[in-house]
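A.B. asks: You'll find final_2.txt just under this line, and it carries compact mmCIF, C-alpha atoms.
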```
# COMPACT_ATOMS: atom_id res chain seq x y z
CA MET A 297 -128.64 86.63 -35.74
CA SER A 298 -131.27 83.94 -35.86
CA ARG A 299 -130.93 81.59 -38.79
CA SER A 300 -134.14 81.89 -40.75
CA ASP A 301 -132.55 80.76 -44.02
CA PRO A 302 -133.85 77.26 -44.78
CA GLU A 303 -130.86 76.73 -47.06
CA ALA A 304 -128.39 77.33 -44.23
CA PRO A 305 -126.20 74.34 -43.42
CA LYS A 306 -127.14 72.21 -40.47
CA ARG A 307 -125.33 72.79 -37.22
CA LEU A 308 -123.88 70.33 -34.71
CA ALA A 309 -122.86 71.53 -31.25
CA LEU A 310 -120.91 69.09 -29.07
CA ILE A 311 -119.54 69.22 -25.57
CA ALA A 312 -116.63 66.81 -25.03
CA SER A 313 -116.23 66.35 -21.29
CA LYS A 314 -114.23 63.13 -21.07
CA GLY A 315 -110.60 62.51 -21.88
CA THR A 316 -110.27 58.75 -21.95
CA LEU A 317 -109.56 56.86 -25.17
CA ASP A 318 -113.02 55.31 -25.37
CA TRP A 319 -114.85 58.60 -24.82
CA ALA A 320 -112.57 60.56 -27.09
CA TYR A 321 -114.02 58.78 -30.12
CA PRO A 322 -117.71 59.85 -30.15
CA PRO A 323 -117.17 63.62 -30.47
CA PHE A 324 -114.50 63.31 -33.14
CA ILE A 325 -116.46 60.69 -35.11
CA LEU A 326 -119.68 62.70 -35.10
CA ALA A 327 -117.91 65.98 -35.78
CA SER A 328 -115.88 64.69 -38.73
CA ALA A 329 -118.86 62.91 -40.29
CA ALA A 330 -121.10 65.97 -39.94
CA ALA A 331 -118.47 68.37 -41.24
CA ALA A 332 -117.80 66.09 -44.21
CA MET A 333 -121.48 66.47 -45.11
CA GLY A 334 -121.24 70.22 -45.02
CA TRP A 335 -122.54 70.87 -41.51
CA GLU A 336 -121.16 73.63 -39.32
CA VAL A 337 -119.64 71.95 -36.28
CA GLN A 338 -118.29 73.20 -33.02
CA ILE A 339 -116.87 71.09 -30.17
CA PHE A 340 -116.48 72.59 -26.74
CA PHE A 341 -113.81 70.75 -24.73
CA THR A 342 -114.34 71.03 -21.02
CA PHE A 343 -113.07 69.38 -17.85
CA TYR A 344 -111.35 66.08 -18.69
CA GLY A 345 -112.17 66.53 -22.36
CA LEU A 346 -109.79 69.47 -22.52
CA ILE A 347 -106.72 67.22 -22.77
CA LEU A 348 -107.97 66.09 -26.20
CA LEU A 349 -106.64 69.43 -27.45
CA LYS A 350 -103.05 68.73 -26.40
CA PRO A 351 -100.60 68.31 -29.29
CA GLU A 352 -99.55 64.84 -28.16
CA LEU A 353 -102.55 62.68 -27.35
CA ASP A 354 -101.95 60.05 -24.73
CA ALA A 355 -105.56 59.16 -24.03
CA ALA A 356 -105.92 55.89 -22.16
CA VAL A 357 -108.88 53.77 -21.23
CA SER A 358 -109.54 52.47 -17.75
CA PRO A 359 -111.50 49.28 -17.26
CA LEU A 360 -111.81 50.26 -13.59
CA GLY A 361 -115.42 51.01 -12.80
CA ASN A 362 -116.19 49.97 -16.35
CA PRO A 363 -117.53 46.45 -15.72
CA ALA A 364 -119.38 46.19 -19.05
CA MET A 365 -116.20 46.68 -21.04
CA PRO A 366 -115.65 43.69 -23.31
CA MET A 367 -112.19 42.21 -22.97
CA LYS A 368 -111.32 40.54 -26.24
CA MET A 369 -107.88 39.88 -27.61
CA PRO A 370 -106.92 41.56 -30.89
CA PHE A 371 -104.60 38.70 -31.88
CA GLY A 372 -104.61 34.92 -32.13
CA SER A 373 -107.00 32.62 -33.96
CA GLU A 374 -110.57 33.66 -34.74
CA GLY A 375 -111.87 31.46 -31.93
CA PHE A 376 -109.40 32.96 -29.47
CA LYS A 377 -110.37 36.49 -30.50
CA GLU A 378 -114.02 35.73 -29.88
CA ILE A 379 -113.50 34.88 -26.22
CA ASP A 380 -114.82 37.58 -23.93
CA TRP A 381 -112.36 37.28 -21.04
CA PRO A 382 -114.00 37.47 -17.65
CA ILE A 383 -111.71 39.90 -15.84
CA PRO A 384 -112.53 40.33 -12.13
CA THR A 385 -113.18 43.97 -11.27
CA ALA A 386 -110.57 43.80 -8.49
CA LEU A 387 -107.90 42.96 -11.08
CA MET A 388 -108.72 46.14 -12.97
CA ALA A 389 -107.26 48.18 -10.11
CA PHE A 390 -103.84 46.51 -10.50
CA PRO A 391 -100.96 48.74 -11.57
CA GLY A 392 -100.30 48.20 -15.25
CA PHE A 393 -103.75 46.95 -16.06
CA GLN A 394 -104.83 50.27 -17.52
CA TRP A 395 -101.81 50.16 -19.80
CA VAL A 396 -102.79 46.66 -20.91
CA ALA A 397 -106.41 47.63 -21.52
CA THR A 398 -105.40 50.76 -23.44
CA ASN A 399 -103.05 48.86 -25.71
CA LEU A 400 -105.58 46.11 -26.31
CA MET A 401 -108.19 48.68 -27.33
CA LYS A 402 -105.79 50.55 -29.60
CA LYS A 403 -104.69 47.32 -31.25
CA THR A 404 -108.27 46.15 -31.69
CA PHE A 405 -109.32 49.45 -33.26
CA GLU A 406 -106.34 49.35 -35.59
CA THR A 407 -106.98 45.82 -36.81
CA LYS A 408 -110.70 46.58 -37.28
CA GLY A 409 -109.96 49.62 -39.45
CA VAL A 410 -110.95 52.40 -37.07
CA ALA A 411 -109.06 55.67 -37.47
CA THR A 412 -106.93 56.84 -34.57
CA ILE A 413 -108.03 59.79 -32.43
CA GLU A 414 -105.15 61.78 -33.92
CA GLU A 415 -106.35 61.08 -37.46
CA LEU A 416 -109.95 61.97 -36.66
CA ARG A 417 -108.89 65.19 -34.97
CA GLU A 418 -106.76 66.10 -37.99
CA MET A 419 -109.75 65.47 -40.27
CA CYS A 420 -111.92 67.67 -38.09
CA ILE A 421 -109.41 70.49 -38.41
CA ASP A 422 -109.16 70.01 -42.19
CA LEU A 423 -112.96 70.12 -42.39
CA ASP A 424 -113.14 73.40 -40.46
CA VAL A 425 -114.64 71.99 -37.28
CA LYS A 426 -114.27 74.67 -34.62
CA LEU A 427 -112.48 73.34 -31.54
CA ILE A 428 -113.01 75.43 -28.42
CA GLY A 429 -111.07 74.86 -25.21
CA CYS A 430 -112.75 75.79 -21.94
CA GLN A 431 -111.03 78.79 -20.33
CA MET A 432 -112.33 77.98 -16.87
CA THR A 433 -111.00 74.41 -17.00
CA MET A 434 -107.62 75.77 -18.10
CA ASP A 435 -107.53 78.05 -15.07
CA VAL A 436 -108.60 75.30 -12.68
CA PHE A 437 -106.17 72.66 -13.97
CA GLY A 438 -103.33 75.10 -14.56
CA PHE A 439 -103.07 74.90 -18.36
CA GLU A 440 -101.68 77.64 -20.59
CA ARG A 441 -102.76 78.50 -24.13
CA GLU A 442 -99.53 77.05 -25.54
CA ASP A 443 -100.31 73.66 -23.98
CA PHE A 444 -102.87 73.14 -26.75
CA ILE A 445 -102.81 72.79 -30.53
CA GLU A 446 -102.79 75.93 -32.64
CA GLY A 447 -105.98 74.95 -34.44
CA CYS A 448 -108.17 75.52 -31.39
CA GLU A 449 -109.70 78.58 -29.80
CA ILE A 450 -110.33 79.33 -26.15
CA GLY A 451 -113.74 80.34 -24.87
CA GLY A 452 -116.36 79.94 -22.20
CA ALA A 453 -119.98 79.02 -21.66
CA ALA A 454 -121.32 81.99 -23.62
CA THR A 455 -119.15 81.09 -26.62
CA PHE A 456 -120.66 77.62 -26.76
CA LEU A 457 -124.22 78.77 -26.06
CA GLU A 458 -124.17 81.38 -28.80
CA PHE A 459 -123.36 78.68 -31.35
CA ALA A 460 -125.59 76.02 -29.77
CA ALA A 461 -128.60 78.35 -29.66
CA ASP A 462 -129.02 77.85 -33.40
CA ALA A 463 -127.83 74.26 -33.58
CA ASP A 464 -129.93 71.48 -35.08
CA VAL A 465 -128.20 68.85 -32.95
CA SER A 466 -126.61 69.40 -29.55
CA LEU A 467 -124.97 66.64 -27.53
CA PHE A 468 -123.14 66.43 -24.24
CA ILE A 469 -120.55 63.67 -24.35
CA MET B 39 -115.81 48.83 -65.64
CA ASN B 40 -118.35 49.78 -68.25
CA VAL B 41 -121.60 48.30 -67.08
CA GLU B 42 -122.75 46.91 -63.74
CA THR B 43 -126.09 45.29 -63.24
CA ASN B 44 -127.96 44.24 -60.14
CA GLY B 45 -130.92 42.72 -61.92
CA TYR B 46 -132.91 45.94 -61.75
CA ALA B 47 -130.91 48.66 -63.35
CA VAL B 48 -128.01 49.15 -65.64
CA ILE B 49 -125.41 51.33 -64.04
CA PRO B 50 -123.60 53.66 -66.36
CA ARG B 51 -119.86 54.12 -66.29
CA ALA B 52 -118.53 55.50 -63.02
CA HIS B 53 -116.24 58.46 -63.42
CA ARG B 54 -114.40 57.71 -60.22
CA VAL B 55 -113.96 54.66 -58.01
CA LEU B 56 -113.42 55.08 -54.29
CA ASP B 57 -112.17 52.03 -52.40
CA CYS B 58 -113.03 52.11 -48.68
CA THR B 59 -112.40 48.42 -48.10
CA ASP B 60 -111.66 47.61 -44.44
CA LEU B 61 -112.46 51.15 -43.27
CA LEU B 62 -115.03 51.67 -40.53
CA CYS B 63 -117.30 54.56 -39.58
CA PRO B 64 -116.94 57.48 -40.13
CA LEU B 65 -114.24 57.06 -42.78
CA PRO B 66 -116.43 55.93 -45.72
CA VAL B 67 -118.69 58.97 -45.16
CA ILE B 68 -115.73 61.34 -44.97
CA HIS B 69 -113.93 59.92 -48.00
CA THR B 70 -117.15 59.86 -50.04
CA SER B 71 -117.89 63.48 -49.16
CA ARG B 72 -114.44 64.43 -50.39
CA ALA B 73 -114.53 62.32 -53.52
CA ILE B 74 -117.94 63.55 -54.67
CA ARG B 75 -116.58 67.10 -54.70
CA GLU B 76 -113.78 66.01 -56.98
CA ILE B 77 -116.10 64.93 -59.80
CA GLU B 78 -118.38 67.15 -61.87
CA VAL B 79 -122.10 67.59 -61.29
CA GLY B 80 -123.84 64.79 -63.18
CA GLN B 81 -120.89 62.43 -62.92
CA ILE B 82 -120.97 59.18 -61.00
CA LEU B 83 -118.94 57.95 -58.04
CA HIS B 84 -118.59 54.23 -57.35
CA LEU B 85 -117.96 53.51 -53.68
CA ILE B 86 -116.66 50.12 -52.56
CA ALA B 87 -117.02 49.43 -48.82
CA THR B 88 -116.99 46.54 -46.38
CA ASP B 89 -118.23 48.39 -43.27
CA PRO B 90 -121.43 46.55 -42.26
CA GLY B 91 -122.88 49.95 -41.32
CA ALA B 92 -122.33 51.33 -44.80
CA PRO B 93 -125.75 50.38 -46.29
CA MET B 94 -127.53 52.43 -43.61
CA ASP B 95 -124.96 55.19 -43.43
CA MET B 96 -124.48 55.81 -47.12
CA ARG B 97 -128.23 56.03 -47.71
CA ALA B 98 -128.46 58.59 -44.92
CA TRP B 99 -125.50 60.41 -46.47
CA SER B 100 -127.28 60.45 -49.81
CA ARG B 101 -130.50 61.85 -48.31
CA MET B 102 -128.68 64.52 -46.32
CA THR B 103 -126.32 65.69 -49.03
CA GLY B 104 -128.81 65.41 -51.87
CA ASN B 105 -126.53 63.28 -54.04
CA THR B 106 -128.61 60.58 -55.68
CA LEU B 107 -127.96 56.94 -54.87
CA LEU B 108 -128.44 55.33 -58.28
CA ASP B 109 -127.71 51.79 -57.20
CA ALA B 110 -126.52 49.83 -54.22
CA HIS B 111 -125.80 46.14 -54.08
CA GLU B 112 -123.78 43.62 -52.15
CA GLN B 113 -121.52 41.02 -53.66
CA ASP B 114 -119.53 38.52 -51.57
CA GLY B 115 -119.66 40.72 -48.49
CA VAL B 116 -118.58 43.82 -50.37
CA TYR B 117 -120.94 46.76 -50.82
CA HIS B 118 -121.11 48.78 -53.99
CA PHE B 119 -122.75 52.19 -54.17
CA TYR B 120 -123.21 54.46 -57.17
CA PHE B 121 -123.82 58.12 -56.43
CA GLU B 122 -124.57 60.86 -58.91
CA ARG B 123 -123.27 64.25 -57.88
CA MET B 124 -126.28 66.58 -57.91
CA LYS B 125 -124.87 69.97 -56.91
```
Could I get this structure in the form of structure tokens?
C.D. replies:
Amino acid sequence: MSRSDPEAPKRLALIASKGTLDWAYPPFILASAAAAMGWEVQIFFTFYGLILLKPELDAAVSPLGNPAMPMKMPFGSEGFKEIDWPIPTALMAFPGFQWVATNLMKKTFETKGVATIEELREMCIDLDVKLIGCQMTMDVFGFEREDFIEGCEIGGAATFLEFAADADVSLFI
Amino acid sequence: MNVETNGYAVIPRAHRVLDCTDLLCPLPVIHTSRAIREIEVGQILHLIATDPGAPMDMRAWSRMTGNTLLDAHEQDGVYHFYFERMK
């Protein structure tokens, strides 16, 4: 089954292991761009990444333990928007702060013209990106098949490795 | 839009114009990939983009997909690309 055909499309194999809003972007951005160029793409969603396959995405971003995260406001005058607010790490643990950070990031992405995670995931599905949910993670976290979108498949390590063995690019995200 | 010049080349009439103003990565790449399939081989797609990453990205897209970049220029912060569909 080795791919000796030089004309065969390139292959991208991704592992999406994180479920926060910030880390949800890289796999869907790379996958949709590659698939749009005719690559064969598979994303394996494991551990916290698995929730990116739920029908309703409620990915959030936590500034806690994320001290390099820029804190800029998506509204106000240009000068105001440029201020990088120095938020003490201790404040990031406050209840409600994750909600604030998540909404600031979503608003910023929207005003900058970045697609939402939902839109990127929809594009991936339209472009025939294969989305594989990790069976083991489902068992551990107590998920059922119907907890996830119809457009995904369920598999394990061997499923990913079979595809990745012939991939031109493989990334763990 | 009959003729566009950048001082080097005369760009022939584009058969389709794709406006990706205000869209960031990866949307210009995705929309361009779609649009190029909707014109015939030999026809020309004119992409308008404001993503500062577009000059790098769209050249890479051209090399990887084999669709020729006939011309690229910037005017008032707006990037213009002309691709010929090759296959």
A.B. asks: I'd like the box whose edges run along x, y and z of the file and which contains every listed atom of range 423-435 of chain A, padded by 3 Å per side; could you state its centre and edge lengths in Å, one decimal, as lines of an AutoDock Vina configuration file?
C.D. replies:
```
center_x = -111.1
center_y = 74.5
center_z = -28.7
size_x = 13.1
size_y = 14.7
size_z = 33.3
```
A.B. asks: Quick one: which residues from chain B are at most 8 Å off chain A, using all atoms listed in the file, as number ranges by chain?
C.D. replies: B: 60-65, 67-68, 71-72, 99, 102-103
A.B. asks: Choose the residue, out of A:Ala397, A:Ile379, A:Ile469, A:Met365, that has the smallest atom-to-atom separation from Ile311 in chain A; count only C-alpha atoms.
C.D. replies: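 Counting only C-alpha atoms, the residue closest to Ile311 in chain A is A:Ile469.
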A.B. asks: Taking into account all atoms listed in the file, which residue in the set A:Gln431, A:Ser358, A:Ser466, A:Thr412 is nearest to Pro391 in chain A?
C.D. replies: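 Among the listed residues, A:Ser358 lies closest to Pro391 in chain A.
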A.B. asks: Applying 12 Å and only C-alpha atoms, which residues near Leu457 in chain A remain after dropping the ones on its own chain fewer than 3 positions away? List them as a list of chain:residue names.
C.D. replies: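 Residues meeting the cut-off are A:Ala309, A:Leu310, A:Ile311, A:Gln338, A:Ile339, A:Phe340, A:Ile428, A:Gly451, A:Gly452, A:Ala453, A:Ala454, A:Ala460, A:Ala461, A:Asp462, A:Ala463, A:Ser466.
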A.B. asks: Restricted to C-alpha atoms, what would the selected residues look like written as a tab-separated table (two decimals), in the coordinates of the input?
C.D. replies:
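The resulting part08.tsv:
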```
chain	number	residue	atom	x	y	z
A	309	ALA	CA	-122.86	71.53	-31.25
A	310	LEU	CA	-120.91	69.09	-29.07
A	311	ILE	CA	-119.54	69.22	-25.57
A	338	GLN	CA	-118.29	73.20	-33.02
A	339	ILE	CA	-116.87	71.09	-30.17
A	340	PHE	CA	-116.48	72.59	-26.74
A	428	ILE	CA	-113.01	75.43	-28.42
A	451	GLY	CA	-113.74	80.34	-24.87
A	452	GLY	CA	-116.36	79.94	-22.20
A	453	ALA	CA	-119.98	79.02	-21.66
A	454	ALA	CA	-121.32	81.99	-23.62
A	460	ALA	CA	-125.59	76.02	-29.77
A	461	ALA	CA	-128.60	78.35	-29.66
A	462	ASP	CA	-129.02	77.85	-33.40
A	463	ALA	CA	-127.83	74.26	-33.58
A	466	SER	CA	-126.61	69.40	-29.55
```
A.B. asks: Looking at B:Arg97, B:Pro90, B:Arg54, B:Glu112, which one is nearest to Glu78 in chain B, with distances taken over all atoms listed in the file?
C.D. replies: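 Closest candidate: B:Arg54.
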A.B. asks: Go through B:Arg101, B:Pro66, B:Ile77, B:His84 and flag the residue nearest Phe119 in chain B, using all atoms listed in the file for the distances.
C.D. replies: B:His84
